[in-house]
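Novice: Just one file: work-v9.cif, with mmCIF, C-alpha atoms.
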data_my_file
#
loop_
_atom_site.label_atom_id
_atom_site.label_comp_id
_atom_site.auth_asym_id
_atom_site.auth_seq_id
_atom_site.Cartn_x
_atom_site.Cartn_y
_atom_site.Cartn_z
CA MET A 1 116.29 94.07 115.25
CA TRP A 2 117.04 94.88 117.44
CA ALA A 3 119.91 94.49 114.69
CA ARG A 4 121.27 97.62 115.95
CA VAL A 5 123.85 99.89 117.40
CA THR A 6 126.97 101.59 116.09
CA ALA A 7 130.11 101.08 114.10
CA GLY A 8 132.46 98.86 116.05
CA GLY A 9 129.56 97.61 118.15
CA SER A 10 130.01 95.97 121.49
CA GLY A 11 133.46 94.98 120.34
CA LEU A 12 134.37 98.67 120.53
CA GLY A 13 133.31 98.77 124.16
CA LEU A 14 135.22 95.60 124.97
CA ARG A 15 138.35 96.88 123.28
CA ALA A 16 138.03 100.21 125.07
CA SER A 17 137.77 98.44 128.41
CA ARG A 18 140.82 96.24 127.76
CA GLU A 19 142.91 99.13 126.45
CA PHE A 20 142.07 101.24 129.50
CA LEU A 21 143.15 98.47 131.85
CA LEU A 22 146.39 97.94 129.96
CA ARG A 23 147.22 101.63 130.01
CA VAL A 24 146.56 102.01 133.73
CA THR A 25 148.28 98.84 134.93
CA GLY A 26 151.29 99.50 132.75
CA ALA A 27 151.91 103.05 134.01
CA GLY A 28 153.70 104.44 137.05
CA CYS A 29 151.92 106.33 139.82
CA ALA A 30 152.11 109.68 138.04
CA GLY A 31 151.00 107.99 134.83
CA LYS A 32 148.00 106.50 136.60
CA ILE A 33 146.92 109.89 137.95
CA LEU A 34 147.32 111.53 134.53
CA GLN A 35 145.42 108.73 132.86
CA GLU A 36 142.62 108.88 135.42
CA ARG A 37 142.29 112.64 134.82
CA ARG A 38 142.13 112.10 131.07
CA ASP A 39 139.57 109.33 131.38
CA PHE A 40 137.50 111.39 133.81
CA SER A 41 137.49 114.24 131.30
CA ALA A 42 136.62 111.91 128.45
CA GLU A 43 133.83 110.30 130.47
CA ALA A 44 132.41 113.70 131.40
CA ALA A 45 131.97 114.42 127.68
CA LEU A 46 129.95 111.24 127.12
CA LYS A 47 126.18 111.17 127.14
CA LYS A 48 124.61 109.26 130.00
CA THR A 49 121.33 107.41 130.28
CA THR A 50 119.06 107.94 133.27
CA LEU A 51 120.37 104.64 134.65
CA PHE A 52 124.02 105.75 134.70
CA ASP A 53 124.29 106.06 138.51
CA PHE A 54 122.21 102.90 138.89
CA HIS A 55 124.73 101.00 136.75
CA ARG A 56 127.64 102.32 138.79
CA ASN A 57 125.95 101.47 142.08
CA ASN A 58 125.37 97.91 140.84
CA GLY A 59 128.97 97.30 139.81
CA GLY A 60 128.67 98.24 136.16
CA LYS A 61 131.97 98.64 134.30
CA MET A 62 131.36 101.66 132.09
CA VAL A 63 132.86 102.12 128.62
CA GLU A 64 132.38 104.48 125.71
CA PHE A 65 129.80 103.24 123.23
CA ALA A 66 128.35 105.34 120.39
CA GLY A 67 129.14 108.50 122.34
CA TRP A 68 127.47 107.17 125.49
CA SER A 69 128.83 105.82 128.76
CA MET A 70 127.37 102.31 128.92
CA PRO A 71 127.97 99.17 131.04
CA VAL A 72 130.02 96.50 129.28
CA GLN A 73 129.43 94.07 132.18
CA TYR A 74 128.68 93.95 135.91
CA LYS A 75 130.13 91.87 138.74
CA ASP A 76 129.44 88.60 136.94
CA SER A 77 131.72 87.54 134.11
CA HIS A 78 130.68 88.07 130.52
CA ILE A 79 130.06 84.33 130.06
CA ALA A 80 128.07 84.03 133.30
CA SER A 81 125.89 86.95 132.22
CA HIS A 82 125.43 85.44 128.75
CA MET A 83 124.35 82.08 130.17
CA HIS A 84 122.05 83.68 132.75
CA THR A 85 120.18 85.37 129.89
CA ARG A 86 119.87 82.06 128.04
CA GLU A 87 118.61 80.22 131.14
CA HIS A 88 116.76 82.92 133.13
CA CYS A 89 116.45 86.59 132.12
CA SER A 90 118.44 89.82 132.14
CA ILE A 91 117.88 93.57 132.00
CA PHE A 92 119.71 95.56 129.32
CA ASP A 93 119.73 99.36 129.29
CA VAL A 94 119.01 100.44 125.70
CA SER A 95 117.95 103.99 126.53
CA HIS A 96 120.66 105.34 124.22
CA MET A 97 118.65 104.23 121.19
CA LEU A 98 116.60 106.76 119.21
CA GLN A 99 112.85 106.59 119.84
CA THR A 100 110.55 108.48 117.47
CA LYS A 101 106.81 108.93 116.99
CA ILE A 102 105.49 109.78 113.52
CA HIS A 103 102.11 111.50 113.55
CA GLY A 104 99.63 112.62 110.88
CA LYS A 105 97.33 110.98 108.35
CA ASP A 106 100.19 110.67 105.84
CA ARG A 107 102.58 109.04 108.33
CA ILE A 108 102.62 105.66 106.52
CA LYS A 109 103.31 107.23 103.12
CA PHE A 110 106.08 109.28 104.76
CA MET A 111 107.73 106.27 106.38
CA GLU A 112 107.48 104.14 103.27
CA SER A 113 109.37 106.85 101.37
CA LEU A 114 112.38 106.06 103.58
CA VAL A 115 112.25 102.30 104.33
CA VAL A 116 111.85 99.00 102.47
CA ALA A 117 109.02 97.53 104.59
CA ASP A 118 105.33 97.39 103.77
CA ILE A 119 104.12 99.50 106.70
CA ALA A 120 100.58 99.78 105.31
CA GLU A 121 100.00 96.02 105.61
CA LEU A 122 100.85 95.91 109.32
CA LYS A 123 98.00 95.33 111.72
CA ASP A 124 97.42 97.72 114.59
CA ASN A 125 100.16 97.36 117.22
CA GLN A 126 102.25 95.13 114.94
CA GLY A 127 105.87 95.97 114.18
CA THR A 128 108.52 94.92 111.72
CA LEU A 129 112.27 95.14 111.27
CA SER A 130 113.07 97.45 108.36
CA LEU A 131 115.93 99.33 106.75
CA PHE A 132 116.61 102.94 105.84
CA THR A 133 118.26 102.72 102.40
CA ASN A 134 120.06 105.23 100.20
CA GLU A 135 119.77 105.78 96.46
CA LYS A 136 122.74 103.45 95.85
CA GLY A 137 120.96 100.61 97.62
CA GLY A 138 123.12 100.81 100.76
CA ILE A 139 121.75 100.41 104.27
CA ILE A 140 121.69 103.68 106.24
CA ASP A 141 120.40 101.94 109.38
CA ASP A 142 118.15 99.16 110.58
CA LEU A 143 115.13 99.94 112.75
CA ILE A 144 111.85 98.62 114.11
CA VAL A 145 108.64 100.33 112.97
CA THR A 146 105.43 99.68 114.89
CA LYS A 147 102.00 100.71 113.60
CA THR A 148 100.23 101.62 116.85
CA ASP A 149 96.47 101.99 117.41
CA GLN A 150 97.17 105.40 118.97
CA GLY A 151 97.40 107.26 115.66
CA TYR A 152 101.19 107.23 115.28
CA LEU A 153 104.10 105.04 114.18
CA TYR A 154 106.59 104.14 116.90
CA VAL A 155 110.15 103.83 115.60
CA VAL A 156 113.28 102.60 117.40
CA SER A 157 116.64 102.96 115.65
CA ASN A 158 120.33 102.72 116.51
CA ALA A 159 122.17 104.97 118.94
CA GLY A 160 125.22 105.24 116.69
CA CYS A 161 123.04 106.37 113.78
CA ALA A 162 120.81 108.74 115.78
CA ASP A 163 122.18 111.93 114.23
CA LYS A 164 121.96 110.79 110.63
CA ASP A 165 118.59 109.06 111.16
CA SER A 166 117.03 112.16 112.70
CA ALA A 167 118.53 114.34 109.96
CA LEU A 168 117.18 111.97 107.30
CA MET A 169 113.67 112.06 108.75
CA LYS A 170 113.73 115.84 109.28
CA ALA A 171 114.81 116.46 105.68
CA ARG A 172 112.04 114.25 104.32
CA LEU A 173 109.57 115.88 106.71
CA ALA A 174 110.42 119.31 105.28
CA GLU A 175 109.77 117.96 101.75
CA TYR A 176 106.47 116.42 102.77
CA ASN A 177 105.24 119.46 104.66
CA ALA A 178 106.18 121.70 101.72
CA ALA A 179 104.12 119.44 99.46
CA GLY A 180 101.10 119.76 101.77
CA PHE A 181 101.19 116.33 103.40
CA ASP A 182 99.99 115.86 106.98
CA VAL A 183 102.91 114.41 108.93
CA ASP A 184 105.00 115.37 111.95
CA LEU A 185 107.90 113.95 114.00
CA GLU A 186 108.26 113.64 117.76
CA PHE A 187 111.58 112.48 119.21
CA ILE A 188 110.83 110.77 122.53
CA ASP A 189 112.94 111.52 125.58
CA GLU A 190 112.08 108.38 127.55
CA ALA A 191 114.10 105.51 128.95
CA LEU A 192 114.16 102.13 127.21
CA ILE A 193 115.08 98.85 128.85
CA ALA A 194 115.02 95.30 127.51
CA LEU A 195 114.09 92.27 129.58
CA GLN A 196 115.35 89.16 127.77
CA GLY A 197 115.32 85.45 128.51
CA PRO A 198 113.08 82.38 128.87
CA THR A 199 111.64 83.44 132.24
CA MET A 200 110.84 86.98 131.11
CA ALA A 201 107.11 86.29 130.83
CA GLN A 202 106.67 84.98 134.37
CA VAL A 203 108.69 87.90 135.76
CA LEU A 204 106.84 90.61 133.84
CA GLN A 205 103.38 89.07 134.18
CA ALA A 206 103.57 89.65 137.93
CA GLY A 207 103.56 93.40 137.25
CA LEU A 208 100.81 93.46 134.61
CA LYS A 209 97.02 93.40 134.89
CA GLY A 210 96.60 92.17 131.32
CA ASP A 211 97.49 88.75 129.92
CA LEU A 212 101.03 88.84 128.51
CA SER A 213 100.38 85.66 126.51
CA LYS A 214 98.24 87.77 124.15
CA LEU A 215 101.29 89.89 123.26
CA THR A 216 103.15 87.93 120.61
CA PHE A 217 106.51 88.50 118.92
CA MET A 218 106.76 91.92 117.21
CA THR A 219 103.56 93.28 118.73
CA SER A 220 103.26 96.20 121.12
CA THR A 221 100.92 97.70 123.69
CA LEU A 222 100.57 100.63 126.09
CA VAL A 223 100.17 99.28 129.62
CA THR A 224 100.84 99.90 133.30
CA VAL A 225 103.93 97.98 134.43
CA PHE A 226 104.47 97.42 138.17
CA GLY A 227 102.28 100.44 138.89
CA ILE A 228 103.98 102.69 136.30
CA PRO A 229 101.43 103.93 133.73
CA ASP A 230 101.94 104.66 130.03
CA CYS A 231 104.74 102.16 129.39
CA ARG A 232 105.05 100.87 125.83
CA VAL A 233 105.88 97.17 125.92
CA THR A 234 107.04 95.61 122.65
CA ARG A 235 107.74 91.88 122.44
CA CYS A 236 111.05 91.81 120.61
CA GLY A 237 114.74 91.69 121.37
CA TYR A 238 118.34 91.29 120.30
CA THR A 239 119.23 87.98 121.95
CA GLY A 240 117.20 85.30 120.17
CA GLU A 241 115.26 84.69 123.39
CA ASP A 242 111.71 85.64 124.33
CA GLY A 243 111.86 89.23 125.50
CA VAL A 244 110.43 92.72 125.58
CA GLU A 245 111.56 96.29 125.24
CA ILE A 246 109.86 98.66 127.68
CA SER A 247 109.71 102.38 126.95
CA VAL A 248 109.20 104.01 130.35
CA PRO A 249 109.19 107.59 131.68
CA ARG A 250 112.74 108.51 132.69
CA SER A 251 111.58 109.59 136.14
CA ARG A 252 110.50 106.03 136.94
CA VAL A 253 112.98 103.77 135.10
CA VAL A 254 115.13 103.17 138.21
CA GLU A 255 111.99 102.16 140.09
CA LEU A 256 111.08 99.71 137.32
CA ALA A 257 114.59 98.24 137.18
CA GLU A 258 114.63 97.74 140.96
CA LYS A 259 111.23 96.02 140.93
CA LEU A 260 112.35 93.66 138.18
CA LEU A 261 115.61 92.91 140.02
CA SER A 262 113.68 92.01 143.17
CA ASN A 263 112.90 88.75 141.38
CA ASN A 264 115.81 86.30 141.70
CA GLU A 265 115.37 85.30 138.06
CA VAL A 266 116.59 88.71 136.94
CA LYS A 267 120.12 90.10 136.68
CA LEU A 268 121.69 93.07 134.93
CA ALA A 269 123.62 92.47 131.69
CA GLY A 270 125.89 94.70 129.63
CA LEU A 271 127.20 95.22 126.13
CA GLY A 272 129.55 92.23 126.25
CA ALA A 273 126.78 89.68 126.78
CA ARG A 274 124.51 91.55 124.38
CA ASP A 275 127.04 91.17 121.59
CA SER A 276 127.68 87.44 122.02
CA LEU A 277 123.95 86.75 122.47
CA ARG A 278 123.00 88.55 119.25
CA LEU A 279 125.82 86.82 117.37
CA GLU A 280 124.64 83.35 118.44
CA ALA A 281 121.19 84.46 117.22
CA GLY A 282 122.65 85.48 113.84
CA LEU A 283 121.56 89.12 114.22
CA CYS A 284 123.38 91.93 112.42
CA LEU A 285 125.24 94.73 114.17
CA TYR A 286 125.07 98.00 112.25
CA GLY A 287 128.53 99.26 111.36
CA ASN A 288 130.01 95.76 111.50
CA ASP A 289 127.75 93.48 109.47
CA ILE A 290 125.73 96.05 107.52
CA ASP A 291 126.43 99.62 106.47
CA GLU A 292 125.96 102.03 103.58
CA THR A 293 128.18 99.89 101.31
CA THR A 294 126.03 96.76 101.69
CA THR A 295 122.64 96.17 100.10
CA PRO A 296 119.80 94.19 101.74
CA VAL A 297 120.34 91.39 99.20
CA GLU A 298 124.07 91.10 99.92
CA ALA A 299 123.26 91.13 103.66
CA SER A 300 120.74 88.26 103.32
CA LEU A 301 117.97 90.62 104.48
CA VAL A 302 115.67 90.29 101.45
CA TRP A 303 112.88 89.21 103.82
CA THR A 304 112.69 92.77 105.17
CA ILE A 305 111.55 94.06 101.76
CA GLY A 306 107.76 93.95 101.46
CA LYS A 307 106.36 92.09 98.44
CA ARG A 308 104.28 95.10 97.41
CA ARG A 309 107.33 97.33 97.75
CA ARG A 310 109.30 95.06 95.39
CA GLN A 311 106.61 95.62 92.78
CA THR A 312 106.14 99.35 93.27
CA LYS A 313 109.89 100.00 93.59
CA ASP A 314 109.18 103.24 95.43
CA PHE A 315 111.79 103.11 98.19
CA PRO A 316 115.31 104.60 98.01
CA GLY A 317 117.68 102.41 96.00
CA ALA A 318 114.91 100.15 94.68
CA ASP A 319 116.24 100.26 91.11
CA ILE A 320 119.46 98.67 92.39
CA ILE A 321 118.10 96.43 95.14
CA VAL A 322 115.10 94.80 93.43
CA PRO A 323 117.01 93.48 90.36
CA GLN A 324 119.58 91.93 92.74
CA ILE A 325 116.87 89.69 94.22
CA LYS A 326 116.67 87.67 91.00
CA ALA A 327 120.09 88.33 89.50
CA LYS A 328 121.91 87.56 92.77
CA THR A 329 124.99 89.40 93.99
CA ALA A 330 128.73 88.85 93.83
CA ARG A 331 128.98 88.45 97.61
CA LYS A 332 126.73 87.27 100.42
CA ARG A 333 126.61 87.47 104.21
CA VAL A 334 127.02 84.00 105.74
CA GLY A 335 127.59 82.35 109.10
CA LEU A 336 130.84 80.56 109.95
CA VAL A 337 131.70 77.95 112.59
CA SER A 338 135.22 76.92 113.60
CA THR A 339 137.29 75.57 116.47
CA GLY A 340 140.63 76.75 117.78
CA PRO A 341 141.59 80.43 118.10
CA PRO A 342 138.70 82.96 118.17
CA VAL A 343 137.59 84.50 114.88
CA ARG A 344 137.31 88.29 115.07
CA GLN A 345 136.21 91.17 112.85
CA HIS A 346 138.39 91.74 109.73
CA THR A 347 139.71 88.15 109.76
CA PRO A 348 140.30 87.12 106.10
CA ILE A 349 138.16 84.26 104.78
CA LEU A 350 139.96 81.96 102.34
CA SER A 351 138.94 79.30 99.86
CA PRO A 352 140.24 75.74 100.42
CA ASP A 353 143.14 76.54 98.06
CA GLY A 354 144.07 79.70 100.00
CA GLN A 355 142.51 82.45 97.85
CA VAL A 356 140.92 85.38 99.72
CA ILE A 357 137.16 85.15 99.20
CA GLY A 358 135.87 87.46 101.91
CA GLU A 359 136.17 88.92 105.38
CA VAL A 360 134.67 88.34 108.81
CA THR A 361 132.49 91.21 110.08
CA SER A 362 131.68 89.84 113.58
CA GLY A 363 132.94 86.87 115.57
CA CYS A 364 133.35 85.46 119.06
CA PRO A 365 133.59 82.18 120.98
CA SER A 366 130.04 80.89 121.57
CA PRO A 367 129.42 80.29 125.29
CA CYS A 368 126.57 77.90 124.42
CA LEU A 369 128.11 75.95 121.53
CA LYS A 370 131.68 75.86 122.90
CA LYS A 371 133.02 76.71 119.46
CA ASN A 372 133.66 79.88 117.48
CA VAL A 373 130.84 81.55 115.60
CA ALA A 374 131.17 84.40 113.14
CA MET A 375 129.51 86.08 110.21
CA GLY A 376 131.01 87.77 107.21
CA TYR A 377 130.82 88.28 103.47
CA VAL A 378 132.10 85.72 100.96
CA ASP A 379 132.07 85.32 97.19
CA ALA A 380 128.65 84.00 96.19
CA ALA A 381 130.12 80.68 94.98
CA PHE A 382 131.03 79.83 98.59
CA ALA A 383 127.76 81.04 100.17
CA LYS A 384 126.35 77.55 100.63
CA ASN A 385 125.67 75.92 103.98
CA GLY A 386 128.28 73.26 104.66
CA ALA A 387 130.88 74.75 102.32
CA ALA A 388 134.43 74.26 103.57
CA VAL A 389 136.49 77.43 103.84
CA GLN A 390 139.41 78.71 105.92
CA VAL A 391 140.03 81.72 108.12
CA GLU A 392 143.43 83.32 108.53
CA ILE A 393 144.32 84.03 112.17
CA ARG A 394 147.76 85.38 113.01
CA LYS A 395 149.02 84.30 109.58
CA LYS A 396 147.86 80.71 110.15
CA THR A 397 144.92 79.10 108.38
CA VAL A 398 142.15 77.46 110.39
CA PRO A 399 139.37 75.31 108.87
CA ALA A 400 135.83 76.73 109.04
CA ILE A 401 132.41 75.71 107.78
CA VAL A 402 129.77 77.98 106.26
CA SER A 403 126.78 77.62 108.57
CA LYS A 404 123.11 78.48 108.57
CA MET A 405 122.10 81.26 110.95
CA PRO A 406 120.92 81.55 113.66
CA PHE A 407 123.58 79.34 115.20
CA LEU A 408 121.18 78.52 118.04
CA PRO A 409 117.41 78.01 117.66
CA THR A 410 115.55 81.22 118.51
CA ASN A 411 112.83 81.23 121.17
CA TYR A 412 110.60 84.08 120.05
CA TYR A 413 107.06 83.83 121.44
CA THR A 414 104.50 83.48 118.63
CA GLY A 415 101.53 82.37 120.71
#
Rewrite the structure of this file - the entire thing - as structure tokens.
Specialist:
Amino acid sequence: MWARVTAGGSGLGLRASREFLLRVTGAGCAGKILQERRDFSAEAALKKTTLFDFHRNNGGKMVEFAGWSMPVQYKDSHIASHMHTREHCSIFDVSHMLQTKIHGKDRIKFMESLVVADIAELKDNQGTLSLFTNEKGGIIDDLIVTKTDQGYLYVVSNAGCADKDSALMKARLAEYNAAGFDVDLEFIDEALIALQGPTMAQVLQAGLKGDLSKLTFMTSTLVTVFGIPDCRVTRCGYTGEDGVEISVPRSRVVELAEKLLSNNEVKLAGLGARDSLRLEAGLCLYGNDIDETTTPVEASLVWTIGKRRRQTKDFPGADIIVPQIKAKTARKRVGLVSTGPPVRQHTPILSPDGQVIGEVTSGCPSPCLKKNVAMGYVDAAFAKNGAAVQVEIRKKTVPAIVSKMPFLPTNYYTG
């Protein structure tokens, strides 16, 4: 899923960082002081994770992101951080994301009234990427739902959608409780960090008593990590690499981060690397690549809709979404590859004869492929791998090719 975060995504943080630098370096002394006061005031209004001071002390460059102050990068360059994650492993602070437990004997029925996944078919401690949908078939948010063996569902959803997600669940909870169903919500106030990269397993195994090889992709367990009890470790991530998300008591997250960093394989990584890593992996960013105006079928996320759910049509927007699976849609999310100038969000996509056929929703130069990668929506007639199209950059057309995603092979651990 981690297909997650907020409108504007990491690009918002990167733009905020660049704009701040331009404002400060372009001002006089008095202007600098005034700007610093304004930015200090703005930063004070932002929410902060438990690792905020830790980020600062480790050279983190903080930017606004979904109402939070988050590190966009550290002392290493964005590209160096990206490549370190691909070749070793990195820690990402994702504590700003919404963590929820759903209790009660009717918890599965409750959750299935909001999402497209078949939660009932999950095995104990197995999770799945799913989607909150509205009655028009649009995507309210993407999230990971895990069916734990502890008598509750564990849900992680996007920071930028936290308010509307919690409101959505609370409203449905009121309906269910009024109807006599047994269900309750618990919003978890714990830290959440991700450890991502090919050497993650050897690093984390040193702090576990159990055998990490038994924890496969999209499964979860409660375990003691480096002496810290009651950590929920879920094997998933937002980079395309083998990785985990660790939900840890806030009082001990700095301790955990320091123990992980004591291994030379591990470095800290920020929003900049996270965005380019997820894009190479072909993963959606909420607010850029999916939103309430896109359906799961348009977004090429049909695989998230459970087969039983397609038959029962008992999730929000099913009457619109399910027929689209067979009838197809007018537009489709696709990958794009090009060379030359970088392809960014809102770049027009053109047919070979120059007609506008779509728009880029995310794009960046790929540090691994040494070419530009992007995703966006195009007219269905052009949604074929290998199709030649063009992108318009600064009023000039550049050739591009529709490409299968992920752009790089993923390395998820399946046992």
Novice: Using all atoms listed in the file, pick whichever of A:Ala167, A:Ile188, A:Tyr74, A:Leu114 has the shortest atom-to-atom distance to Lys101 (chain A).
Specialist: A:Ile188
Novice: Starting from the shown file, work through the PyMOL selection byres ((chain A and resi 339) around 12) and note down what comes out as an NGL selection string.
Specialist: :A and (336-338 or 340-343 or 364-366 or 369-374 or 390-391 or 393 or 397-401)
Novice: Using the chain letters and numbers from the file, which residues does the PyMOL selection byres ((chain A and resi 266) around 10) grab, as an MDAnalysis selection string?
Specialist: chainID A and resid 84:85 88:91 195:197 199:200 203 257 259:265 267:269
Novice: Can you work out which one of A:Asn177, A:Tyr238, A:Ala80, A:Asn125 has the shortest atom-to-atom distance to Phe110 (chain A), counting only C-alpha atoms?
Specialist: A:Asn177
Novice: What does the distance between CA of Ala120 (chain A) and CA of Lys147 (chain A) come to in Å, to one decimal place?
Specialist: 8.5 Å
Novice: What is the distance, in Å and to one decimal place, between CA of Ala45 (chain A) and CA of Lys170 (chain A)?
Specialist: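 We find that CA of Ala45 (chain A) and CA of Lys170 (chain A) lie 25.9 Å from each other.
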Novice: To one decimal place, how far is CA of Arg250 (chain A) from CA of Ala191 (chain A) in Å?
Specialist: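 That distance, rounded to one decimal, is 5.0 Å.
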Novice: Once the PyMOL selection byres ((chain A and resi 156) around 10) has been applied to the shown file, what residues remain in the selection, as a PyMOL selection string?
Specialist: chain A and resi 1-2+4+97-101+129+142-146+154-155+157-159+162+188+192
Novice: Would you list the residues near (101.1, 88.1, 119.0) (no more than 10 Å away, in the coordinates of the file, using only C-alpha atoms) as an NGL selection string?
Specialist: :A and (125-126 or 212-220 or 235 or 413-415)
Novice: Hey, which of A:Asp118, A:Glu112, A:Asp275, A:Glu359 ends up closest to Arg172 (chain A)? Count all atoms listed in the file.
Specialist: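 Of A:Asp118, A:Glu112, A:Asp275, A:Glu359, the one nearest Arg172 (chain A), counting all atoms listed in the file, is A:Glu112.
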Novice: Per residue of region 196-272 of chain A within 7 Å of region 276-291 of chain A, what are the shortest atom pair and its distance in Å to one decimal, counting all atoms listed in the file, with rows by chain and residue number, as JSON lines?
Specialist:
{"residue": "A:Tyr238", "atom": "CA", "partner": "A:Arg278", "partner_atom": "CA", "distance": 5.5}
{"residue": "A:Thr239", "atom": "CA", "partner": "A:Arg278", "partner_atom": "CA", "distance": 4.7}
{"residue": "A:Gly240", "atom": "CA", "partner": "A:Ala281", "partner_atom": "CA", "distance": 5.0}
{"residue": "A:Gly272", "atom": "CA", "partner": "A:Ser276", "partner_atom": "CA", "distance": 6.7}
Novice: Considering all atoms listed in the file, can you say which of A:Ser251, A:Thr295, A:Thr221, A:Asn58 comes closest to Thr148 (chain A)?
Specialist: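 Using all atoms listed in the file, Thr148 (chain A) sits closest to A:Thr221.
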Novice: Just checking: using all atoms listed in the file, which residue out of A:Arg107, A:Lys75, A:Lys123, A:Lys136 ends up closest to Tyr152 (chain A)?
Specialist: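 Under the stated criterion, the closest residue is A:Arg107.
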Novice: I'd like the contact shell of region 66-68 of chain A - 6 Å cut-off, all atoms listed in the file, skipping same-chain residues fewer than 2 positions apart - returned as a ChimeraX atom specification.
Specialist: /A:6,46-48,64,70,160
Novice: Taking the point (138.0, 89.7, 106.7) as given in the file, collect each protein or nucleic acid residue that comes within 12 Å of it, counting all atoms listed in the file, and present the set as a JSON list (two decimals) with C-alpha atoms, in the frame of the given file.
Specialist:
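Result file selection23.json:
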[["chain", "number", "residue", "atom", "x", "y", "z"],
["A", 288, "ASN", "CA", 130.01, 95.76, 111.50],
["A", 289, "ASP", "CA", 127.75, 93.48, 109.47],
["A", 333, "ARG", "CA", 126.61, 87.47, 104.21],
["A", 343, "VAL", "CA", 137.59, 84.50, 114.88],
["A", 344, "ARG", "CA", 137.31, 88.29, 115.07],
["A", 345, "GLN", "CA", 136.21, 91.17, 112.85],
["A", 346, "HIS", "CA", 138.39, 91.74, 109.73],
["A", 347, "THR", "CA", 139.71, 88.15, 109.76],
["A", 348, "PRO", "CA", 140.30, 87.12, 106.10],
["A", 349, "ILE", "CA", 138.16, 84.26, 104.78],
["A", 350, "LEU", "CA", 139.96, 81.96, 102.34],
["A", 356, "VAL", "CA", 140.92, 85.38, 99.72],
["A", 357, "ILE", "CA", 137.16, 85.15, 99.20],
["A", 358, "GLY", "CA", 135.87, 87.46, 101.91],
["A", 359, "GLU", "CA", 136.17, 88.92, 105.38],
["A", 360, "VAL", "CA", 134.67, 88.34, 108.81],
["A", 361, "THR", "CA", 132.49, 91.21, 110.08],
["A", 362, "SER", "CA", 131.68, 89.84, 113.58],
["A", 363, "GLY", "CA", 132.94, 86.87, 115.57],
["A", 374, "ALA", "CA", 131.17, 84.40, 113.14],
["A", 375, "MET", "CA", 129.51, 86.08, 110.21],
["A", 376, "GLY", "CA", 131.01, 87.77, 107.21],
["A", 377, "TYR", "CA", 130.82, 88.28, 103.47],
["A", 378, "VAL", "CA", 132.10, 85.72, 100.96],
["A", 390, "GLN", "CA", 139.41, 78.71, 105.92],
["A", 391, "VAL", "CA", 140.03, 81.72, 108.12],
["A", 392, "GLU", "CA", 143.43, 83.32, 108.53],
["A", 393, "ILE", "CA", 144.32, 84.03, 112.17]]
Novice: Identify, on the basis of only C-alpha atoms, every residue whose closest approach to region 313-325 of chain A does not exceed 6 Å; exclude the query and any residue fewer than 5 positions from it along the same chain; express the result as number ranges by chain.
Specialist: A: 113, 116, 133-137
Novice: Given the choices A:Asp353, A:Glu292, A:Asp379, A:Asp184, which gets closest to Gly138 (chain A) if the distance is worked out from only C-alpha atoms?
Specialist: A:Glu292
Novice: Grab all the atoms of region 90-104 of chain A that the file lists, wrap them in a box along x, y and z, add 4 Å per side, and give me centre plus edge lengths in Å (one decimal) as JSON.
Specialist:
{"center_x": 110.1, "center_y": 101.2, "center_z": 121.5, "size_x": 29.0, "size_y": 30.8, "size_z": 29.3}
